[in-house]
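Shown below: run_22.cif, with mmCIF, C-alpha atoms and all ligand atoms.
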data_work
#
loop_
_atom_site.group_PDB
_atom_site.id
_atom_site.type_symbol
_atom_site.label_atom_id
_atom_site.label_comp_id
_atom_site.auth_asym_id
_atom_site.auth_seq_id
_atom_site.Cartn_x
_atom_site.Cartn_y
_atom_site.Cartn_z
ATOM 1 C CA MET A 350 -23.562 83.097 -93.313
ATOM 2 C CA ASN A 351 -27.018 84.439 -94.062
ATOM 3 C CA LEU A 352 -27.795 88.142 -93.646
ATOM 4 C CA THR A 353 -29.257 87.808 -90.157
ATOM 5 C CA ASP A 354 -26.276 85.825 -88.859
ATOM 6 C CA THR A 355 -23.851 88.257 -90.440
ATOM 7 C CA LYS A 356 -25.631 91.190 -88.836
ATOM 8 C CA GLN A 357 -25.593 89.471 -85.418
ATOM 9 C CA ALA A 358 -21.869 88.760 -85.798
ATOM 10 C CA ILE A 359 -21.236 92.425 -86.637
ATOM 11 C CA LEU A 360 -23.227 93.677 -83.637
ATOM 12 C CA LEU A 361 -21.231 91.359 -81.387
ATOM 13 C CA LEU A 362 -17.906 92.506 -82.813
ATOM 14 C CA MET A 363 -19.007 96.096 -82.293
ATOM 15 C CA GLU A 364 -19.352 95.597 -78.553
ATOM 16 C CA TYR A 365 -15.570 95.231 -78.408
ATOM 17 C CA ALA A 366 -14.658 97.671 -81.167
ATOM 18 C CA VAL A 367 -16.782 100.747 -80.594
ATOM 19 C CA ASN A 368 -16.633 103.334 -77.824
ATOM 20 C CA ASP A 369 -19.794 103.856 -75.766
ATOM 21 C CA GLU A 370 -20.481 107.314 -77.145
ATOM 22 C CA ASP A 371 -20.413 106.074 -80.751
ATOM 23 C CA ILE A 372 -22.280 102.800 -80.467
ATOM 24 C CA ALA A 373 -25.882 103.959 -80.878
ATOM 25 C CA ALA A 374 -25.239 105.723 -84.201
ATOM 26 C CA ALA A 375 -23.011 102.902 -85.443
ATOM 27 C CA ARG A 376 -25.677 100.290 -84.688
ATOM 28 C CA GLU A 377 -28.290 102.393 -86.411
ATOM 29 C CA LEU A 378 -26.174 102.458 -89.568
ATOM 30 C CA VAL A 379 -25.925 98.656 -89.510
ATOM 31 C CA GLU A 380 -29.710 98.399 -89.048
ATOM 32 C CA ARG A 381 -30.274 100.566 -92.093
ATOM 33 C CA HIS A 382 -28.075 98.280 -94.189
ATOM 34 C CA GLN A 383 -29.162 94.973 -92.711
ATOM 35 C CA ASN A 384 -30.543 93.580 -95.971
ATOM 36 C CA ASP A 385 -27.549 94.574 -98.040
ATOM 37 C CA ARG A 386 -24.791 92.007 -98.480
ATOM 38 C CA ILE A 387 -22.237 94.504 -99.828
ATOM 39 C CA SER A 388 -22.289 96.849 -96.850
ATOM 40 C CA LEU A 389 -22.585 94.028 -94.303
ATOM 41 C CA ASN A 390 -19.401 92.571 -95.792
ATOM 42 C CA VAL A 391 -17.683 95.938 -95.265
ATOM 43 C CA PHE A 392 -18.966 96.258 -91.682
ATOM 44 C CA HIS A 393 -17.878 92.718 -90.885
ATOM 45 C CA GLU A 394 -14.400 93.234 -92.319
ATOM 46 C CA PHE A 395 -13.998 96.588 -90.576
ATOM 47 C CA TYR A 396 -15.124 95.498 -87.128
ATOM 48 C CA SER A 397 -13.129 92.246 -87.355
ATOM 49 C CA PHE A 398 -9.853 93.996 -88.196
ATOM 50 C CA LEU A 399 -9.989 97.589 -87.019
ATOM 51 C CA PRO A 400 -7.627 99.325 -89.486
ATOM 52 C CA GLU A 401 -5.831 101.394 -86.872
ATOM 53 C CA ALA A 402 -6.012 98.761 -84.152
ATOM 54 C CA LYS A 403 -7.951 101.037 -81.854
ATOM 55 C CA ASN A 404 -11.623 101.549 -81.147
ATOM 56 C CA ASP A 405 -13.491 103.081 -84.047
ATOM 57 C CA ALA A 406 -16.958 103.167 -85.623
ATOM 58 C CA ILE A 407 -18.292 103.553 -89.142
ATOM 59 C CA LYS A 408 -20.289 106.743 -89.618
ATOM 60 C CA PHE A 409 -21.034 106.678 -93.340
ATOM 61 C CA LEU A 410 -20.445 104.849 -96.618
ATOM 62 C CA LYS A 411 -19.958 106.673 -99.906
ATOM 63 C CA LEU A 412 -19.898 105.100 -103.336
ATOM 64 C CA LEU A 413 -16.706 106.005 -105.212
ATOM 65 C CA ALA A 414 -17.138 103.683 -108.183
ATOM 66 C CA ASP A 415 -18.824 100.433 -109.089
ATOM 67 C CA LYS A 416 -18.509 98.046 -111.974
ATOM 68 C CA GLU A 417 -19.828 94.557 -112.638
ATOM 69 C CA GLY A 418 -20.795 94.004 -109.015
ATOM 70 C CA GLY A 419 -17.507 95.317 -107.599
ATOM 71 C CA PHE A 420 -17.925 98.353 -105.323
ATOM 72 C CA LEU A 421 -15.300 100.885 -104.338
ATOM 73 C CA LEU A 422 -16.440 102.513 -101.115
ATOM 74 C CA ALA A 423 -15.262 105.335 -98.908
ATOM 75 C CA VAL A 424 -15.824 104.294 -95.316
ATOM 76 C CA GLY A 425 -15.992 107.291 -93.006
ATOM 77 C CA THR A 426 -15.255 106.509 -89.371
ATOM 78 C CA VAL A 427 -14.770 108.436 -86.152
ATOM 79 C CA ASN A 428 -10.991 108.437 -86.742
ATOM 80 C CA ASN A 429 -10.410 108.450 -90.492
ATOM 81 C CA ILE A 430 -11.730 107.743 -93.979
ATOM 82 C CA PHE A 431 -10.805 104.362 -95.398
ATOM 83 C CA CYS A 432 -11.253 102.701 -98.746
ATOM 84 C CA TYR A 433 -12.745 99.229 -99.260
ATOM 85 C CA PHE A 434 -13.450 97.066 -102.276
ATOM 86 C CA ALA A 435 -16.586 94.996 -101.776
ATOM 87 C CA THR A 436 -18.704 92.471 -103.633
ATOM 88 C CA THR A 437 -21.573 90.293 -102.457
ATOM 89 C CA GLU A 438 -18.898 87.701 -101.639
ATOM 90 C CA GLY A 439 -16.616 89.741 -99.405
ATOM 91 C CA ALA A 440 -14.848 92.989 -98.628
ATOM 92 C CA GLU A 441 -11.222 93.976 -98.786
ATOM 93 C CA PHE A 442 -9.480 96.771 -96.890
ATOM 94 C CA LEU A 443 -7.479 99.076 -99.208
ATOM 95 C CA GLY A 444 -6.050 101.604 -96.753
ATOM 96 C CA PRO A 445 -6.737 105.225 -95.793
ATOM 97 C CA LEU A 446 -8.422 106.956 -98.718
ATOM 98 C CA ASN A 447 -6.100 109.989 -98.745
ATOM 99 C CA GLU A 448 -3.117 107.700 -99.374
ATOM 100 C CA GLY A 449 -4.756 106.371 -102.528
ATOM 101 C CA ILE A 450 -5.162 102.789 -103.692
ATOM 102 C CA TRP A 451 -2.140 100.509 -104.077
ATOM 103 C CA ASP A 452 -3.901 97.246 -104.871
ATOM 104 C CA LYS A 453 -2.976 96.518 -108.504
ATOM 105 C CA GLU A 454 -5.962 94.281 -109.177
ATOM 106 C CA VAL A 455 -8.431 96.896 -107.942
ATOM 107 C CA LEU A 456 -6.682 99.696 -109.863
ATOM 108 C CA ASP A 457 -6.759 97.645 -113.080
ATOM 109 C CA PHE A 458 -10.378 96.703 -112.540
ATOM 110 C CA PHE A 459 -11.423 100.354 -112.391
ATOM 111 C CA GLY A 460 -8.837 101.502 -114.935
ATOM 112 C CA LEU A 461 -7.057 103.820 -112.499
ATOM 113 C CA SER A 462 -3.450 104.558 -111.659
ATOM 114 C CA HIS A 463 -2.366 104.985 -108.048
ATOM 115 C CA LYS A 464 -2.004 108.717 -108.594
ATOM 116 C CA GLU A 465 -5.460 109.017 -110.144
ATOM 117 C CA SER A 466 -6.924 107.165 -107.176
ATOM 118 C CA ILE A 467 -5.692 110.001 -104.927
ATOM 119 C CA GLU A 468 -6.817 112.829 -107.226
ATOM 120 C CA LYS A 469 -10.189 111.420 -108.173
ATOM 121 C CA PHE A 470 -11.411 110.686 -104.662
ATOM 122 C CA LYS A 471 -9.917 113.697 -102.894
ATOM 123 C CA ASP A 472 -13.148 115.655 -102.712
ATOM 124 C CA LEU A 473 -15.709 113.380 -101.082
ATOM 125 C CA LYS A 474 -18.453 115.969 -101.487
ATOM 126 C CA LYS A 475 -18.663 114.933 -105.135
ATOM 127 C CA PHE A 476 -19.692 111.408 -104.211
ATOM 128 C CA ALA A 477 -23.101 110.215 -103.132
ATOM 129 C CA PHE A 478 -23.829 108.163 -100.075
ATOM 130 C CA TYR A 479 -23.967 104.476 -100.851
ATOM 131 C CA ILE A 480 -27.492 103.216 -101.455
ATOM 132 C CA PRO A 481 -27.947 99.577 -100.428
ATOM 133 C CA ALA A 482 -27.749 97.572 -103.643
ATOM 134 C CA GLN A 483 -30.868 95.547 -102.901
ATOM 135 C CA MET A 484 -32.923 98.769 -102.891
ATOM 136 C CA ASP A 485 -31.719 99.566 -106.376
ATOM 137 C CA LEU A 486 -33.984 97.706 -108.784
ATOM 138 C CA LYS A 487 -31.599 98.323 -111.653
ATOM 139 C CA ARG A 488 -29.129 95.969 -110.020
ATOM 140 C CA CYS A 489 -28.849 92.198 -110.200
ATOM 141 C CA PRO A 490 -30.507 90.830 -107.054
ATOM 142 C CA VAL A 491 -27.663 88.356 -106.496
ATOM 143 C CA CYS A 492 -24.334 89.909 -107.534
ATOM 144 C CA ALA A 493 -25.447 93.589 -107.541
ATOM 145 C CA THR A 494 -24.073 94.386 -110.982
ATOM 146 C CA ASN A 495 -25.775 97.275 -112.745
ATOM 147 C CA HIS A 496 -28.209 97.068 -115.662
ATOM 148 C CA GLY A 497 -26.240 96.513 -118.882
ATOM 149 C CA GLU A 498 -23.065 95.302 -117.146
ATOM 150 C CA LEU A 499 -21.613 91.832 -116.829
ATOM 151 C CA HIS A 500 -22.387 89.758 -113.742
ATOM 152 C CA ARG A 501 -19.725 88.618 -111.305
ATOM 153 C CA LEU A 502 -18.645 85.319 -112.817
ATOM 154 C CA GLY A 503 -20.520 82.543 -111.032
ATOM 155 C CA CYS A 504 -23.645 84.635 -110.475
ATOM 156 C CA PRO A 505 -26.666 82.326 -110.895
ATOM 157 C CA VAL A 506 -28.605 85.019 -112.752
ATOM 158 C CA GLU A 507 -26.160 85.067 -115.684
ATOM 159 C CA VAL A 508 -27.687 83.668 -118.868
ATOM 160 C CA CYS A 509 -25.641 81.196 -120.915
ATOM 161 C CA PRO A 510 -24.760 82.662 -124.346
ATOM 162 C CA TRP A 511 -24.785 79.193 -125.959
ATOM 163 C CA CYS A 512 -28.042 77.649 -124.778
ATOM 164 C CA GLY A 513 -29.908 80.546 -123.165
ATOM 165 C CA GLY A 514 -30.166 78.617 -119.893
ATOM 166 C CA GLN A 515 -28.672 79.393 -116.511
ATOM 167 C CA LEU A 516 -24.896 79.565 -116.992
ATOM 168 C CA THR A 517 -24.099 78.076 -113.582
ATOM 169 C CA LYS A 518 -26.469 75.147 -114.154
ATOM 170 C CA CYS A 519 -26.367 74.208 -117.838
ATOM 171 C CA HIS A 520 -23.802 71.806 -119.283
ATOM 172 C CA CYS A 521 -22.196 74.183 -121.734
ATOM 173 C CA ARG A 522 -19.251 74.862 -119.430
ATOM 174 C CA PHE A 523 -18.238 71.203 -119.650
ATOM 175 C CA GLN A 524 -18.919 70.876 -123.366
ATOM 176 C CA LYS A 525 -17.059 74.048 -124.273
ATOM 177 C CA SER A 526 -13.994 73.325 -122.173
ATOM 178 C CA GLY A 527 -13.991 69.614 -123.062
ATOM 179 C CA ARG A 528 -13.891 68.503 -119.397
ATOM 180 C CA ASP A 529 -16.160 66.488 -117.167
ATOM 181 C CA GLN A 530 -15.601 68.988 -114.423
ATOM 182 C CA LEU A 531 -13.874 72.316 -114.012
ATOM 183 C CA SER A 532 -11.677 71.291 -111.135
ATOM 184 C CA ASN A 533 -8.763 73.684 -111.291
ATOM 185 C CA GLU A 534 -7.780 77.229 -112.207
ATOM 186 C CA ALA A 535 -6.559 76.221 -115.679
ATOM 187 C CA HIS A 536 -9.910 74.618 -116.565
ATOM 188 C CA LEU A 537 -11.727 77.652 -115.310
ATOM 189 C CA ARG A 538 -9.444 79.974 -117.259
ATOM 190 C CA LEU A 539 -10.017 78.009 -120.462
ATOM 191 C CA PHE A 540 -13.754 78.200 -119.926
ATOM 192 C CA LYS A 541 -13.571 81.955 -119.278
ATOM 193 C CA GLU A 542 -11.691 82.399 -122.548
ATOM 194 C CA LYS A 543 -14.348 80.471 -124.486
ATOM 195 C CA LEU A 544 -17.020 82.470 -122.755
ATOM 196 C CA ASN A 545 -15.414 85.819 -123.580
ATOM 197 C CA GLU A 546 -14.881 84.736 -127.198
ATOM 198 C CA LYS A 547 -18.555 83.889 -127.461
ATOM 199 C CA GLY A 548 -19.561 87.092 -125.678
ATOM 200 C CA ARG A 549 -21.171 87.119 -122.257
ATOM 201 C CA ILE A 550 -24.742 88.314 -121.743
ATOM 202 C CA PRO A 551 -24.976 91.393 -119.501
ATOM 203 C CA PHE A 552 -27.605 91.805 -116.817
ATOM 204 C CA ASN A 553 -30.891 93.121 -118.132
ATOM 205 C CA ALA A 554 -32.901 94.674 -115.300
ATOM 206 C CA THR A 555 -36.174 94.865 -117.190
ATOM 207 C CA GLU A 556 -36.191 91.208 -118.195
ATOM 208 C CA GLN A 557 -34.402 89.560 -115.314
ATOM 209 C CA SER A 558 -35.472 91.247 -112.088
ATOM 210 C CA LEU A 559 -39.093 90.537 -112.837
ATOM 211 C CA THR A 560 -38.659 86.840 -113.560
ATOM 212 C CA LEU A 561 -36.808 86.421 -110.265
ATOM 213 C CA GLY A 562 -39.542 88.211 -108.367
HETATM 214 ZN ZN ZN A 601 -25.703 88.817 -111.162
HETATM 215 ZN ZN ZN A 602 -25.636 76.698 -121.649
#
Turn this file's structure into structure tokens for me.
Amino acid sequence: MNLTDTKQAILLLMEYAVNDEDIAAARELVERHQNDRISLNVFHEFYSFLPEAKNDAIKFLKLLADKEGGFLLAVGTVNNIFCYFATTEGAEFLGPLNEGIWDKEVLDFFGLSHKESIEKFKDLKKFAFYIPAQMDLKRCPVCATNHGELHRLGCPVEVCPWCGGQLTKCHCRFQKSGRDQLSNEAHLRLFKEKLNEKGRIPFNATEQSLTLG
């Protein structure tokens, strides 16, 4: 779904999910984030599966942590504060923020324990409101990783460390894994290993944002 379709889908879902007194402010928040894939993914996930199975509305988003295009967000609503993990590909509900994060993959990704995830994010005043990634010129325009960090694997902006071309388009992935196509998880894993051995090229905002316009 493109951004406009996603936004329309969210606004439609909201008609069923949001109480009358909250809808104007909730819509306004969506409008302000309408060009940002990360937050639209969170809105879409939230309004599709209301966490507490009762009417609710998102009032604010705060950025708790982000790394390599993966965003940990506090989602403040009329009823509660929830935690989501979001990328430009999708968003995942992690539960009420005060209960901490249980998802092992997310904890490992950010190098946190469950206990730390409660302690660290207890005082929301310490965290800034989320700024739409596309407004941040230091971020990759496709996967939203920060300057100097690795892209989400599969991001078309990532430069191939072998040939200097576009990693998703050049033929190095076939050559290096010795396959005609990378058709299953094992092939992909092998390729990732080769890639990590070689050393991936992080996003460089000064060189890469400009060439993409
Ligand atoms: Zn990228
Ligand atoms: Zn290559």
- prompt: Separation of CA of Ser397 in chain A and CA of Ile359 in chain A, in Å?
  reply: 8.1 Å
Listing only residues of chain A within 12 Å of ligand ZN 601 (chain A), what is the closest atom pair and its distance in Å (to one decimal) for each, using all atoms listed in the file, sorted by chain and residue number ascending, as a tab-separated table?
residue	atom	partner	partner_atom	distance
A:Lys416	CA	A:ZN601	ZN	11.7
A:Glu417	CA	A:ZN601	ZN	8.3
A:Gly418	CA	A:ZN601	ZN	7.5
A:Gly419	CA	A:ZN601	ZN	11.1
A:Thr436	CA	A:ZN601	ZN	10.9
A:Thr437	CA	A:ZN601	ZN	9.7
A:Glu438	CA	A:ZN601	ZN	11.8
A:Ala482	CA	A:ZN601	ZN	11.7
A:Gln483	CA	A:ZN601	ZN	11.8
A:Lys487	CA	A:ZN601	ZN	11.2
A:Arg488	CA	A:ZN601	ZN	8.0
A:Cys489	CA	A:ZN601	ZN	4.7
A:Pro490	CA	A:ZN601	ZN	6.6
A:Val491	CA	A:ZN601	ZN	5.1
A:Cys492	CA	A:ZN601	ZN	4.0
A:Ala493	CA	A:ZN601	ZN	6.0
A:Thr494	CA	A:ZN601	ZN	5.8
A:Asn495	CA	A:ZN601	ZN	8.6
A:His496	CA	A:ZN601	ZN	9.7
A:Gly497	CA	A:ZN601	ZN	10.9
A:Glu498	CA	A:ZN601	ZN	9.2
A:Leu499	CA	A:ZN601	ZN	7.6
A:His500	CA	A:ZN601	ZN	4.3
A:Arg501	CA	A:ZN601	ZN	6.0
A:Leu502	CA	A:ZN601	ZN	8.0
A:Gly503	CA	A:ZN601	ZN	8.1
A:Cys504	CA	A:ZN601	ZN	4.7
A:Pro505	CA	A:ZN601	ZN	6.6
A:Val506	CA	A:ZN601	ZN	5.0
A:Glu507	CA	A:ZN601	ZN	5.9
A:Val508	CA	A:ZN601	ZN	9.5
A:Gln515	CA	A:ZN601	ZN	11.2
A:Leu516	CA	A:ZN601	ZN	11.0
A:Thr517	CA	A:ZN601	ZN	11.1
A:Ile550	CA	A:ZN601	ZN	10.6
A:Pro551	CA	A:ZN601	ZN	8.8
A:Phe552	CA	A:ZN601	ZN	6.7
A:Asn553	CA	A:ZN601	ZN	9.7
A:Ala554	CA	A:ZN601	ZN	10.2
A:Gln557	CA	A:ZN601	ZN	9.7
A:Ser558	CA	A:ZN601	ZN	10.1
A:Leu561	CA	A:ZN601	ZN	11.4
Closest atom pairs, residues of chain A within 6 Å of ligand ZN 602 (chain A), only C-alpha atoms and all ligand atoms, as CSV:
residue,atom,partner,partner_atom,distance
A:Cys509,CA,A:ZN602,ZN,4.6
A:Trp511,CA,A:ZN602,ZN,5.1
A:Cys512,CA,A:ZN602,ZN,4.1
A:Gly513,CA,A:ZN602,ZN,5.9
A:Gly514,CA,A:ZN602,ZN,5.2
A:Leu516,CA,A:ZN602,ZN,5.5
A:Cys519,CA,A:ZN602,ZN,4.6
A:His520,CA,A:ZN602,ZN,5.7
A:Cys521,CA,A:ZN602,ZN,4.3
- request: Compile the contact shell of Glu454 in chain A as a VMD selection string: residues with an atom at most 12 Å away, counting all atoms listed in the file, same-chain residues fewer than 3 positions apart removed.
  value: chain A and resid 419 434 441 443 450 to 451 457 to 463
- request: For Val424 in chain A, work out the shell of residues within 10 Å, counting only C-alpha atoms and skipping chain neighbours fewer than 6 positions away, then give it as a PyMOL selection string.
  value: chain A and resi 388+391-392+395+406-412+430-433+442+445-446+479
